[in-house]
Amino acid sequence: MAKKRALITGINGQDGSYLSELLLEQGYEVWGILRRNSVAETQTSRIQHLRERDLLRLEYGDMLDMASLVRVLKASRPDEIYNLAAQSHVRISFDQPIYTAESAGMGTLLLLEAFRLTCPGARFYQAGSSEMFGEPAESPQNERTPLNPVSPYGCAKTFAHHLARQYRQSYGLFISNGILFNHESPRRGENFVTAKVVIGALEIRHGLRRSLALGNLDARRDWGHAKDYVRAMWRMLQHAAPDDFVIATGQDRSVRELVEFVFARLGLGDWRPYITSDPRYLRPTEITHLRGDASKARTLLGWMPTIGFEQLLDEMIAHFEPIVAGRRR
Ligand code: GDD
């Protein structure tokens, strides 16, 4: 049987790299779209190990350059398309709202349109976010919880989410929306709070800094492992019918609890003398509490998270420890 082909936008991100590994393990031919960038080596560090073994087909393209999307879709003739590309940092989306709306919102529309016109028989995964809920009216959140976004990123993802549903309904295309809660890993970007706290605490332990500045410590999030979450994306496209699915652990923790756990694990004792508050890391509108109910995914997809909060952070600490230690002179 011919190999299945998958095309991933955002292949060089945290999720793109884990999804590539999963699909390669399943015997797929994996194609990815890369934006041309002057700092090419940092851009592909998460997929370097796959590139070195020549396991990926990477093509230059851009979510806002529809001709490039059409070209790559025609060349790859994918069975499955995973749309993971976006400016994904919520705080930064307040500083760069237009770029965020273009990459996460308009870029999705261009890709949906290119997909409809070139390969409508393919299956399409749209990366939605719990950030779309805004300050939710109910807890935990499920697929029926109203969307009420409070950040440019949340608005852009909501636009993309609704378009994906509309394309599914209007044209009968196989498009599934994931509504993914926070998911982290050793490959997490350093300015997201889990990686920032792990790296900052390690730097304190190694004498590289005295304190760490954070924003809102009261915010509560439902943190899972990216490796588990890309498995959910794949399962959505293997399911008999397209649908929307919340992907979450169902457990929430505050940023304060995250800090407490990491500092205790590193034997730093009381974390309070080390943490300062900096308004730069606050958002004009913040979601105080997100917790997901993934029972639909459990029932229909047989999906369950396998890695909990503490195991996730232990893995991140073990990964960043030698890197931070190496920064010591
Ligand atoms: N980044 C960051 N930096 N966040 C901080 C800080 C800080 O110094 N201090 C407190 N926080 C709080 C944020 O205000 C937020 O409530 C929480 O920590 C998590 O922040 P992030 O790790 O930046 O993630 P996020 O929840 O804003 O967004 C992530 O999850 C979404 C799913 O809900 C991103 O991965 C999004 O792309 C994703 O869609």
# chains A, B, ... in the order shown; residues from 1 in each chain; ligands from 1

$ residues_near_ligand --ligand "ligand 1" --cutoff "9 Å" --atoms "only C-alpha atoms and all ligand atoms" --output "compact mmCIF listing (two decimals) with all heavy atoms, in the first residue's frame"
# COMPACT_ATOMS: atom_id res chain seq x y z
N ALA A 86 1.11 29.53 13.47
CA ALA A 86 0.50 30.76 14.03
C ALA A 86 1.51 31.47 14.91
O ALA A 86 2.44 30.83 15.44
CB ALA A 86 -0.72 30.43 14.89
N GLN A 87 1.33 32.76 15.10
CA GLN A 87 2.00 33.45 16.20
C GLN A 87 1.21 33.02 17.43
O GLN A 87 0.06 33.42 17.61
CB GLN A 87 1.93 34.96 15.94
CG GLN A 87 2.73 35.84 16.88
CD GLN A 87 2.43 35.68 18.36
OE1 GLN A 87 3.13 34.92 19.06
NE2 GLN A 87 1.42 36.35 18.85
N SER A 88 1.83 32.24 18.31
CA SER A 88 1.04 31.54 19.32
C SER A 88 1.20 32.08 20.73
O SER A 88 0.69 31.50 21.68
CB SER A 88 1.39 30.05 19.31
OG SER A 88 2.73 29.89 19.74
N HIS A 89 1.91 33.20 20.90
CA HIS A 89 2.11 33.73 22.26
C HIS A 89 1.02 34.78 22.55
O HIS A 89 0.91 35.78 21.87
CB HIS A 89 3.50 34.35 22.38
CG HIS A 89 3.92 34.53 23.81
ND1 HIS A 89 3.41 35.53 24.60
CD2 HIS A 89 4.77 33.82 24.59
CE1 HIS A 89 3.95 35.44 25.81
NE2 HIS A 89 4.78 34.40 25.83
N VAL A 90 0.25 34.52 23.61
CA VAL A 90 -0.91 35.36 23.91
C VAL A 90 -0.48 36.78 24.27
O VAL A 90 -1.02 37.77 23.75
CB VAL A 90 -1.75 34.74 25.04
CG1 VAL A 90 -2.89 35.67 25.44
CG2 VAL A 90 -2.29 33.38 24.60
N ARG A 91 0.50 36.93 25.16
CA ARG A 91 0.94 38.28 25.56
C ARG A 91 1.46 39.05 24.34
O ARG A 91 1.14 40.23 24.15
CB ARG A 91 2.04 38.16 26.65
CG ARG A 91 2.68 39.49 27.04
CD ARG A 91 1.68 40.36 27.80
NE ARG A 91 2.09 41.76 27.94
CZ ARG A 91 1.95 42.69 27.00
NH1 ARG A 91 1.44 42.39 25.81
NH2 ARG A 91 2.32 43.92 27.22
N ILE A 92 2.24 38.39 23.51
CA ILE A 92 2.80 39.06 22.34
C ILE A 92 1.70 39.44 21.35
O ILE A 92 1.83 40.42 20.61
CB ILE A 92 3.90 38.16 21.69
CG1 ILE A 92 5.08 38.04 22.67
CG2 ILE A 92 4.36 38.71 20.35
CD1 ILE A 92 6.13 37.02 22.28
N ALA A 127 -5.85 23.66 14.40
CA ALA A 127 -5.38 23.78 15.79
C ALA A 127 -6.09 24.94 16.49
O ALA A 127 -5.68 26.09 16.38
CB ALA A 127 -3.88 24.01 15.81
N GLY A 128 -7.14 24.62 17.20
CA GLY A 128 -7.83 25.62 18.01
C GLY A 128 -7.28 25.61 19.43
O GLY A 128 -6.50 24.72 19.80
N SER A 129 -7.73 26.58 20.22
CA SER A 129 -7.11 26.78 21.53
C SER A 129 -8.15 27.07 22.60
O SER A 129 -9.18 27.72 22.34
CB SER A 129 -6.17 27.98 21.40
OG SER A 129 -5.89 28.53 22.67
N SER A 130 -7.84 26.66 23.83
CA SER A 130 -8.72 27.01 24.95
C SER A 130 -8.74 28.52 25.18
O SER A 130 -9.65 29.02 25.85
CB SER A 130 -8.26 26.29 26.22
OG SER A 130 -6.90 26.55 26.47
N GLU A 131 -7.79 29.23 24.64
CA GLU A 131 -7.79 30.69 24.72
C GLU A 131 -9.05 31.27 24.05
O GLU A 131 -9.46 32.38 24.33
CB GLU A 131 -6.51 31.20 24.05
CG GLU A 131 -6.20 32.67 24.20
CD GLU A 131 -5.86 33.15 25.61
OE1 GLU A 131 -5.45 32.35 26.47
OE2 GLU A 131 -6.03 34.35 25.86
N MET A 132 -9.69 30.49 23.20
CA MET A 132 -10.92 30.95 22.54
C MET A 132 -12.07 31.12 23.54
O MET A 132 -13.01 31.85 23.28
CB MET A 132 -11.36 29.96 21.45
CG MET A 132 -10.31 29.77 20.36
SD MET A 132 -10.87 28.79 18.96
CE MET A 132 -11.26 27.20 19.67
N PHE A 133 -12.00 30.43 24.68
CA PHE A 133 -13.09 30.52 25.65
C PHE A 133 -13.12 31.88 26.35
O PHE A 133 -14.16 32.29 26.87
CB PHE A 133 -12.99 29.42 26.70
CG PHE A 133 -13.24 28.04 26.15
CD1 PHE A 133 -12.29 27.04 26.25
CD2 PHE A 133 -14.44 27.76 25.52
CE1 PHE A 133 -12.53 25.77 25.75
CE2 PHE A 133 -14.69 26.48 25.01
CZ PHE A 133 -13.72 25.49 25.12
N TYR A 153 -4.92 37.00 19.96
CA TYR A 153 -4.66 35.60 19.60
C TYR A 153 -5.95 34.77 19.70
O TYR A 153 -6.29 34.00 18.80
CB TYR A 153 -3.58 35.02 20.53
CG TYR A 153 -3.41 33.53 20.42
CD1 TYR A 153 -2.68 32.97 19.37
CD2 TYR A 153 -3.99 32.67 21.36
CE1 TYR A 153 -2.54 31.59 19.27
CE2 TYR A 153 -3.85 31.30 21.27
CZ TYR A 153 -3.12 30.77 20.22
OH TYR A 153 -3.00 29.41 20.11
N GLY A 154 -6.69 34.95 20.80
CA GLY A 154 -7.93 34.20 20.99
C GLY A 154 -8.95 34.54 19.90
O GLY A 154 -9.66 33.66 19.39
N LYS A 157 -7.85 32.89 16.60
CA LYS A 157 -8.11 31.44 16.62
C LYS A 157 -9.61 31.14 16.52
O LYS A 157 -10.02 30.15 15.93
CB LYS A 157 -7.53 30.83 17.91
CG LYS A 157 -6.02 30.60 17.86
CD LYS A 157 -5.69 29.42 16.96
CE LYS A 157 -4.21 29.14 16.86
NZ LYS A 157 -3.87 28.09 15.91
N ILE A 179 -9.61 21.70 20.23
CA ILE A 179 -9.60 22.84 21.15
C ILE A 179 -8.63 22.44 22.25
O ILE A 179 -9.01 21.78 23.23
CB ILE A 179 -11.02 23.14 21.71
CG1 ILE A 179 -12.00 23.35 20.54
CG2 ILE A 179 -10.98 24.36 22.64
CD1 ILE A 179 -13.46 23.51 20.97
N LEU A 180 -7.37 22.78 22.03
CA LEU A 180 -6.33 22.25 22.90
C LEU A 180 -6.03 23.22 24.05
O LEU A 180 -5.83 24.41 23.83
CB LEU A 180 -5.05 21.98 22.09
CG LEU A 180 -4.95 20.57 21.51
CD1 LEU A 180 -6.18 20.21 20.69
CD2 LEU A 180 -3.68 20.38 20.72
N PHE A 181 -6.01 22.66 25.24
CA PHE A 181 -5.59 23.42 26.41
C PHE A 181 -4.05 23.45 26.42
O PHE A 181 -3.41 22.81 25.59
CB PHE A 181 -6.19 22.79 27.68
CG PHE A 181 -7.65 23.16 27.84
CD1 PHE A 181 -8.60 22.76 26.91
CD2 PHE A 181 -8.08 23.95 28.90
CE1 PHE A 181 -9.94 23.14 27.02
CE2 PHE A 181 -9.41 24.33 29.04
CZ PHE A 181 -10.34 23.93 28.10
N ASN A 182 -3.48 24.21 27.36
CA ASN A 182 -2.02 24.40 27.37
C ASN A 182 -1.29 23.06 27.33
O ASN A 182 -1.64 22.14 28.08
CB ASN A 182 -1.61 25.14 28.65
CG ASN A 182 -2.22 26.53 28.72
OD1 ASN A 182 -3.42 26.70 28.53
ND2 ASN A 182 -1.38 27.51 28.99
N HIS A 183 -0.30 22.99 26.49
CA HIS A 183 0.51 21.76 26.43
C HIS A 183 1.96 22.14 26.24
O HIS A 183 2.30 22.99 25.44
CB HIS A 183 -0.01 20.79 25.37
CG HIS A 183 -0.31 21.42 24.05
ND1 HIS A 183 -1.42 22.22 23.86
CD2 HIS A 183 0.35 21.39 22.87
CE1 HIS A 183 -1.43 22.65 22.61
NE2 HIS A 183 -0.36 22.16 21.99
N GLU A 184 2.80 21.46 26.99
CA GLU A 184 4.18 21.87 27.20
C GLU A 184 5.09 20.68 26.96
O GLU A 184 4.62 19.56 26.74
CB GLU A 184 4.34 22.33 28.66
CG GLU A 184 3.18 23.14 29.22
CD GLU A 184 3.05 24.53 28.61
OE1 GLU A 184 4.07 25.22 28.52
OE2 GLU A 184 1.93 24.92 28.22
N ARG A 188 9.26 23.35 24.54
CA ARG A 188 8.46 24.56 24.71
C ARG A 188 9.35 25.79 24.55
O ARG A 188 10.48 25.82 25.04
CB ARG A 188 7.87 24.54 26.12
CG ARG A 188 6.81 25.58 26.41
CD ARG A 188 5.72 25.57 25.40
NE ARG A 188 4.42 25.94 25.96
CZ ARG A 188 3.46 26.51 25.25
NH1 ARG A 188 3.65 26.79 23.96
NH2 ARG A 188 2.30 26.78 25.79
N GLU A 190 10.95 29.36 25.24
CA GLU A 190 11.42 29.81 26.56
C GLU A 190 10.60 30.94 27.16
O GLU A 190 10.78 31.27 28.33
CB GLU A 190 12.90 30.22 26.48
CG GLU A 190 13.78 29.04 26.10
CD GLU A 190 15.27 29.30 26.31
OE1 GLU A 190 15.62 30.36 26.84
OE2 GLU A 190 16.05 28.41 25.91
N ASN A 191 9.71 31.58 26.39
CA ASN A 191 8.91 32.66 26.98
C ASN A 191 7.48 32.24 27.33
O ASN A 191 6.66 33.08 27.67
CB ASN A 191 8.92 33.91 26.08
CG ASN A 191 8.42 33.62 24.68
OD1 ASN A 191 8.07 32.49 24.38
ND2 ASN A 191 8.38 34.63 23.84
N PHE A 192 7.19 30.96 27.29
CA PHE A 192 5.94 30.46 27.86
C PHE A 192 6.22 30.11 29.32
O PHE A 192 7.34 29.75 29.68
CB PHE A 192 5.43 29.24 27.08
CG PHE A 192 5.00 29.61 25.68
CD1 PHE A 192 5.89 29.55 24.62
CD2 PHE A 192 3.71 30.06 25.43
CE1 PHE A 192 5.51 29.91 23.34
CE2 PHE A 192 3.31 30.42 24.16
CZ PHE A 192 4.21 30.35 23.10
N VAL A 193 5.19 30.18 30.16
CA VAL A 193 5.48 30.25 31.59
C VAL A 193 6.15 28.98 32.14
O VAL A 193 7.02 29.09 33.01
CB VAL A 193 4.21 30.64 32.40
CG1 VAL A 193 3.25 29.48 32.57
CG2 VAL A 193 4.59 31.24 33.73
N THR A 194 5.78 27.79 31.66
CA THR A 194 6.42 26.59 32.23
C THR A 194 7.93 26.58 31.96
O THR A 194 8.73 26.39 32.88
CB THR A 194 5.81 25.30 31.63
OG1 THR A 194 5.82 25.41 30.20
CG2 THR A 194 4.40 25.07 32.13
N ALA A 195 8.30 26.82 30.70
CA ALA A 195 9.73 26.79 30.36
C ALA A 195 10.46 27.95 31.04
O ALA A 195 11.59 27.80 31.52
CB ALA A 195 9.91 26.85 28.85
N LYS A 196 9.78 29.10 31.12
CA LYS A 196 10.41 30.27 31.75
C LYS A 196 10.73 29.98 33.23
O LYS A 196 11.82 30.30 33.72
CB LYS A 196 9.48 31.47 31.61
CG LYS A 196 10.06 32.75 32.18
CD LYS A 196 9.17 33.95 31.88
CE LYS A 196 9.65 35.16 32.67
NZ LYS A 196 8.81 36.35 32.42
N VAL A 197 9.78 29.36 33.92
CA VAL A 197 9.97 29.08 35.35
C VAL A 197 11.05 28.00 35.53
O VAL A 197 11.94 28.13 36.38
CB VAL A 197 8.64 28.66 36.01
CG1 VAL A 197 8.85 28.07 37.39
CG2 VAL A 197 7.68 29.85 36.06
N LEU A 212 13.64 36.07 39.46
CA LEU A 212 12.90 35.83 38.21
C LEU A 212 11.64 36.68 38.24
O LEU A 212 10.86 36.61 39.20
CB LEU A 212 12.53 34.34 38.12
CG LEU A 212 11.73 33.93 36.90
CD1 LEU A 212 12.56 34.06 35.63
CD2 LEU A 212 11.24 32.48 37.06
N ALA A 213 11.44 37.47 37.19
CA ALA A 213 10.26 38.35 37.13
C ALA A 213 9.13 37.65 36.39
O ALA A 213 9.33 37.15 35.28
CB ALA A 213 10.62 39.65 36.44
N LEU A 214 7.96 37.62 37.01
CA LEU A 214 6.79 36.99 36.39
C LEU A 214 5.60 37.95 36.42
O LEU A 214 5.66 39.02 37.02
CB LEU A 214 6.42 35.71 37.16
CG LEU A 214 7.41 34.55 37.07
CD1 LEU A 214 6.98 33.43 38.00
CD2 LEU A 214 7.52 34.02 35.64
N GLY A 215 4.53 37.53 35.75
CA GLY A 215 3.29 38.31 35.75
C GLY A 215 2.32 37.75 36.77
O GLY A 215 2.66 37.60 37.95
N ASN A 216 1.14 37.38 36.32
CA ASN A 216 0.06 36.95 37.21
C ASN A 216 0.29 35.54 37.76
O ASN A 216 0.30 34.56 37.02
CB ASN A 216 -1.24 37.00 36.38
CG ASN A 216 -2.45 36.63 37.19
OD1 ASN A 216 -2.36 36.42 38.40
ND2 ASN A 216 -3.58 36.55 36.51
N LEU A 217 0.45 35.45 39.08
CA LEU A 217 0.69 34.14 39.70
C LEU A 217 -0.62 33.41 40.02
O LEU A 217 -0.61 32.23 40.35
CB LEU A 217 1.49 34.31 40.99
CG LEU A 217 2.87 34.95 40.88
CD1 LEU A 217 3.55 34.97 42.25
CD2 LEU A 217 3.74 34.19 39.88
N ASP A 218 -1.72 34.14 39.96
CA ASP A 218 -3.02 33.55 40.35
C ASP A 218 -3.70 32.80 39.21
O ASP A 218 -4.64 32.04 39.46
CB ASP A 218 -3.97 34.64 40.84
CG ASP A 218 -3.46 35.29 42.11
OD1 ASP A 218 -2.92 34.55 42.95
OD2 ASP A 218 -3.57 36.52 42.24
N ALA A 219 -3.26 33.06 37.97
CA ALA A 219 -3.92 32.42 36.82
C ALA A 219 -3.83 30.90 36.97
O ALA A 219 -2.80 30.36 37.39
CB ALA A 219 -3.25 32.86 35.53
N ARG A 220 -4.91 30.23 36.58
CA ARG A 220 -4.94 28.76 36.64
C ARG A 220 -5.06 28.22 35.24
O ARG A 220 -5.86 28.71 34.43
CB ARG A 220 -6.11 28.28 37.50
CG ARG A 220 -6.07 28.77 38.93
CD ARG A 220 -7.17 28.13 39.76
NE ARG A 220 -6.86 26.74 40.10
CZ ARG A 220 -6.10 26.38 41.14
NH1 ARG A 220 -5.61 27.30 41.94
NH2 ARG A 220 -5.85 25.11 41.37
N ARG A 221 -4.26 27.21 34.94
CA ARG A 221 -4.30 26.60 33.62
C ARG A 221 -4.31 25.07 33.76
O ARG A 221 -3.89 24.52 34.77
CB ARG A 221 -3.05 26.99 32.80
CG ARG A 221 -3.01 28.46 32.35
CD ARG A 221 -4.05 28.74 31.30
NE ARG A 221 -3.99 30.11 30.79
CZ ARG A 221 -4.60 31.16 31.35
NH1 ARG A 221 -5.33 31.00 32.45
NH2 ARG A 221 -4.53 32.36 30.80
N ASP A 222 -4.74 24.44 32.68
CA ASP A 222 -4.81 22.97 32.59
C ASP A 222 -3.64 22.57 31.69
O ASP A 222 -3.70 22.73 30.48
CB ASP A 222 -6.18 22.64 31.97
CG ASP A 222 -6.40 21.15 31.76
OD1 ASP A 222 -5.41 20.43 31.58
OD2 ASP A 222 -7.57 20.74 31.75
N TRP A 223 -2.54 22.09 32.33
CA TRP A 223 -1.31 21.85 31.58
C TRP A 223 -1.11 20.36 31.28
O TRP A 223 -1.05 19.55 32.21
CB TRP A 223 -0.09 22.31 32.39
CG TRP A 223 0.20 23.79 32.33
CD1 TRP A 223 0.63 24.49 31.24
CD2 TRP A 223 0.13 24.74 33.40
NE1 TRP A 223 0.84 25.82 31.58
CE2 TRP A 223 0.53 26.00 32.89
CE3 TRP A 223 -0.23 24.66 34.75
CZ2 TRP A 223 0.58 27.15 33.67
CZ3 TRP A 223 -0.17 25.82 35.53
CH2 TRP A 223 0.22 27.04 34.99
N SER A 254 -2.38 26.62 39.57
CA SER A 254 -2.07 28.05 39.40
C SER A 254 -0.61 28.20 39.01
O SER A 254 0.21 27.29 39.21
CB SER A 254 -2.33 28.81 40.70
OG SER A 254 -1.42 28.39 41.69
N VAL A 255 -0.28 29.38 38.48
CA VAL A 255 1.13 29.66 38.16
C VAL A 255 1.94 29.59 39.46
O VAL A 255 3.06 29.08 39.48
CB VAL A 255 1.27 31.05 37.48
CG1 VAL A 255 2.73 31.41 37.27
CG2 VAL A 255 0.50 31.07 36.15
N ARG A 256 1.34 30.04 40.58
CA ARG A 256 2.03 29.97 41.87
C ARG A 256 2.38 28.52 42.22
O ARG A 256 3.49 28.22 42.67
CB ARG A 256 1.14 30.59 42.96
CG ARG A 256 1.79 30.64 44.32
CD ARG A 256 0.92 31.36 45.35
NE ARG A 256 0.93 32.80 45.17
CZ ARG A 256 -0.06 33.49 44.59
NH1 ARG A 256 -1.14 32.86 44.16
NH2 ARG A 256 0.01 34.79 44.44
N SER A 277 7.63 40.75 40.64
CA SER A 277 6.48 40.94 39.77
C SER A 277 6.81 42.04 38.77
O SER A 277 7.36 43.08 39.13
CB SER A 277 5.31 41.33 40.68
OG SER A 277 4.27 41.78 39.89
N ASP A 278 6.48 41.80 37.50
CA ASP A 278 6.78 42.79 36.46
C ASP A 278 5.53 42.96 35.59
O ASP A 278 5.08 42.00 34.96
CB ASP A 278 7.96 42.30 35.61
CG ASP A 278 8.45 43.39 34.66
OD1 ASP A 278 7.62 44.24 34.25
OD2 ASP A 278 9.64 43.39 34.34
N ARG A 280 5.19 44.06 32.81
CA ARG A 280 5.41 43.71 31.38
C ARG A 280 4.82 42.34 31.04
O ARG A 280 4.53 42.04 29.89
CB ARG A 280 6.91 43.64 31.09
CG ARG A 280 7.50 44.96 30.64
CD ARG A 280 8.89 44.74 30.13
NE ARG A 280 9.75 44.06 31.10
CZ ARG A 280 10.86 43.42 30.80
NH1 ARG A 280 11.25 43.32 29.54
NH2 ARG A 280 11.60 42.84 31.74
N TYR A 281 4.73 41.48 32.05
CA TYR A 281 4.24 40.12 31.77
C TYR A 281 2.75 39.94 32.06
O TYR A 281 2.22 38.84 32.00
CB TYR A 281 5.07 39.10 32.56
CG TYR A 281 6.53 39.21 32.21
CD1 TYR A 281 7.48 39.55 33.18
CD2 TYR A 281 6.96 39.03 30.90
CE1 TYR A 281 8.82 39.69 32.85
CE2 TYR A 281 8.29 39.18 30.56
CZ TYR A 281 9.21 39.51 31.53
OH TYR A 281 10.53 39.66 31.20
N LEU A 282 2.11 41.07 32.39
CA LEU A 282 0.65 41.00 32.57
C LEU A 282 -0.02 41.24 31.23
O LEU A 282 0.54 41.90 30.36
CB LEU A 282 0.18 42.08 33.56
CG LEU A 282 0.70 41.96 34.99
CD1 LEU A 282 0.27 43.17 35.81
CD2 LEU A 282 0.21 40.66 35.65
N ARG A 283 -1.22 40.72 31.08
CA ARG A 283 -1.99 40.96 29.85
C ARG A 283 -3.07 41.99 30.14
O ARG A 283 -3.63 41.97 31.24
CB ARG A 283 -2.61 39.66 29.37
CG ARG A 283 -1.55 38.68 28.87
CD ARG A 283 -1.59 37.34 29.56
NE ARG A 283 -0.35 36.59 29.32
CZ ARG A 283 -0.28 35.39 28.81
NH1 ARG A 283 -1.37 34.74 28.49
NH2 ARG A 283 0.88 34.81 28.61
N GLU A 286 -6.84 39.21 31.11
CA GLU A 286 -6.26 37.89 31.43
C GLU A 286 -7.40 36.90 31.69
O GLU A 286 -8.44 37.27 32.25
CB GLU A 286 -5.38 38.04 32.67
CG GLU A 286 -5.02 36.76 33.40
CD GLU A 286 -3.91 35.97 32.74
OE1 GLU A 286 -4.07 35.57 31.56
OE2 GLU A 286 -2.89 35.73 33.40
N ILE A 287 -7.20 35.66 31.28
CA ILE A 287 -8.15 34.60 31.64
C ILE A 287 -7.66 34.02 32.95
O ILE A 287 -6.53 33.53 33.03
CB ILE A 287 -8.21 33.52 30.56
CG1 ILE A 287 -8.50 34.14 29.19
CG2 ILE A 287 -9.22 32.46 30.92
CD1 ILE A 287 -8.41 33.17 28.04
N THR A 288 -8.51 34.07 33.98
CA THR A 288 -8.01 33.64 35.28
C THR A 288 -8.03 32.13 35.46
O THR A 288 -7.26 31.60 36.24
CB THR A 288 -8.83 34.29 36.43
OG1 THR A 288 -10.21 33.96 36.20
CG2 THR A 288 -8.66 35.78 36.47
N HIS A 289 -8.90 31.45 34.71
CA HIS A 289 -9.07 30.03 35.04
C HIS A 289 -9.51 29.23 33.82
O HIS A 289 -10.58 29.49 33.27
CB HIS A 289 -10.13 29.93 36.14
CG HIS A 289 -10.20 28.59 36.78
ND1 HIS A 289 -11.03 28.29 37.82
CD2 HIS A 289 -9.55 27.44 36.51
CE1 HIS A 289 -10.89 27.03 38.17
NE2 HIS A 289 -10.00 26.48 37.38
N LEU A 290 -8.71 28.27 33.42
CA LEU A 290 -9.11 27.37 32.33
C LEU A 290 -8.92 25.92 32.78
O LEU A 290 -7.87 25.56 33.34
CB LEU A 290 -8.25 27.61 31.07
CG LEU A 290 -8.51 28.89 30.27
CD1 LEU A 290 -7.47 29.05 29.16
CD2 LEU A 290 -9.93 28.90 29.68

$ residues_around --residues "A:Ala201" --least-positions-apart "6" --cutoff "8 Å" --atoms "only C-alpha atoms" --output "ChimeraX atom specification"
/A:212,262-263,266

$ select_by_dssp --residues "stretch 173-248 of chain A" --states "helix (DSSP H, G or I)" --output "number ranges by chain"
A: 193-205, 226-238

$ write_last_selection --atoms "N, CA and C atoms" --output "JSON list (two decimals), in the first residue's frame"
[["chain", "number", "residue", "atom", "x", "y", "z"],
["A", 193, "VAL", "N", 5.19, 30.18, 30.16],
["A", 193, "VAL", "CA", 5.48, 30.25, 31.59],
["A", 193, "VAL", "C", 6.15, 28.98, 32.14],
["A", 194, "THR", "N", 5.78, 27.79, 31.66],
["A", 194, "THR", "CA", 6.42, 26.59, 32.23],
["A", 194, "THR", "C", 7.93, 26.58, 31.96],
["A", 195, "ALA", "N", 8.30, 26.82, 30.70],
["A", 195, "ALA", "CA", 9.73, 26.79, 30.36],
["A", 195, "ALA", "C", 10.46, 27.95, 31.04],
["A", 196, "LYS", "N", 9.78, 29.10, 31.12],
["A", 196, "LYS", "CA", 10.41, 30.27, 31.75],
["A", 196, "LYS", "C", 10.73, 29.98, 33.23],
["A", 197, "VAL", "N", 9.78, 29.36, 33.92],
["A", 197, "VAL", "CA", 9.97, 29.08, 35.35],
["A", 197, "VAL", "C", 11.05, 28.00, 35.53],
["A", 198, "VAL", "N", 11.01, 26.95, 34.72],
["A", 198, "VAL", "CA", 12.00, 25.87, 34.85],
["A", 198, "VAL", "C", 13.40, 26.43, 34.60],
["A", 199, "ILE", "N", 13.56, 27.16, 33.51],
["A", 199, "ILE", "CA", 14.88, 27.68, 33.15],
["A", 199, "ILE", "C", 15.33, 28.73, 34.18],
["A", 200, "GLY", "N", 14.40, 29.62, 34.60],
["A", 200, "GLY", "CA", 14.74, 30.66, 35.57],
["A", 200, "GLY", "C", 15.18, 30.05, 36.90],
["A", 201, "ALA", "N", 14.46, 29.03, 37.36],
["A", 201, "ALA", "CA", 14.81, 28.40, 38.64],
["A", 201, "ALA", "C", 16.17, 27.70, 38.53],
["A", 202, "LEU", "N", 16.42, 27.06, 37.40],
["A", 202, "LEU", "CA", 17.73, 26.41, 37.21],
["A", 202, "LEU", "C", 18.84, 27.45, 37.19],
["A", 203, "GLU", "N", 18.58, 28.58, 36.56],
["A", 203, "GLU", "CA", 19.60, 29.64, 36.52],
["A", 203, "GLU", "C", 19.88, 30.17, 37.92],
["A", 204, "ILE", "N", 18.84, 30.26, 38.75],
["A", 204, "ILE", "CA", 19.03, 30.70, 40.13],
["A", 204, "ILE", "C", 19.89, 29.65, 40.87],
["A", 205, "ARG", "N", 19.56, 28.40, 40.68],
["A", 205, "ARG", "CA", 20.32, 27.36, 41.38],
["A", 205, "ARG", "C", 21.79, 27.34, 40.95],
["A", 226, "ALA", "N", 2.72, 17.95, 25.33],
["A", 226, "ALA", "CA", 2.50, 18.10, 23.88],
["A", 226, "ALA", "C", 2.50, 16.74, 23.16],
["A", 227, "LYS", "N", 3.30, 15.80, 23.67],
["A", 227, "LYS", "CA", 3.38, 14.48, 23.02],
["A", 227, "LYS", "C", 2.02, 13.79, 23.03],
["A", 228, "ASP", "N", 1.32, 13.91, 24.17],
["A", 228, "ASP", "CA", -0.03, 13.33, 24.27],
["A", 228, "ASP", "C", -0.98, 14.06, 23.32],
["A", 229, "TYR", "N", -0.80, 15.37, 23.20],
["A", 229, "TYR", "CA", -1.78, 16.19, 22.48],
["A", 229, "TYR", "C", -1.67, 16.00, 20.96],
["A", 230, "VAL", "N", -0.46, 15.75, 20.45],
["A", 230, "VAL", "CA", -0.37, 15.51, 18.99],
["A", 230, "VAL", "C", -1.00, 14.16, 18.63],
["A", 231, "ARG", "N", -0.99, 13.24, 19.58],
["A", 231, "ARG", "CA", -1.67, 11.95, 19.35],
["A", 231, "ARG", "C", -3.17, 12.18, 19.17],
["A", 232, "ALA", "N", -3.70, 13.13, 19.92],
["A", 232, "ALA", "CA", -5.13, 13.47, 19.78],
["A", 232, "ALA", "C", -5.41, 14.06, 18.40],
["A", 233, "MET", "N", -4.52, 14.92, 17.91],
["A", 233, "MET", "CA", -4.71, 15.51, 16.57],
["A", 233, "MET", "C", -4.83, 14.40, 15.53],
["A", 234, "TRP", "N", -3.88, 13.47, 15.61],
["A", 234, "TRP", "CA", -3.85, 12.38, 14.63],
["A", 234, "TRP", "C", -5.12, 11.53, 14.72],
["A", 235, "ARG", "N", -5.52, 11.22, 15.97],
["A", 235, "ARG", "CA", -6.74, 10.40, 16.14],
["A", 235, "ARG", "C", -7.98, 11.10, 15.57],
["A", 236, "MET", "N", -8.02, 12.42, 15.68],
["A", 236, "MET", "CA", -9.18, 13.15, 15.13],
["A", 236, "MET", "C", -9.31, 12.89, 13.63],
["A", 237, "LEU", "N", -8.17, 12.82, 12.94],
["A", 237, "LEU", "CA", -8.25, 12.60, 11.49],
["A", 237, "LEU", "C", -8.42, 11.13, 11.12],
["A", 238, "GLN", "N", -8.30, 10.22, 12.08],
["A", 238, "GLN", "CA", -8.56, 8.80, 11.78],
["A", 238, "GLN", "C", -10.01, 8.44, 12.11]]

$ atom_distance --atom1 "atom CA of A:Ser139" --atom2 "atom CA of A:Arg291"
6.5 Å

$ atom_distance --atom1 "atom CA of A:Ala104" --atom2 "atom CA of A:Pro140"
25.1 Å

$ closest_atom_pairs --of "stretch 117-183 of chain A" --to "stretch 60-70 of chain A" --cutoff "12 Å" --atoms "only C-alpha atoms" --output "tab-separated table"
residue	atom	partner	partner_atom	distance
A:Leu117	CA	A:Val70	CA	8.6
A:Thr118	CA	A:Val70	CA	7.0
A:Cys119	CA	A:Val70	CA	9.6
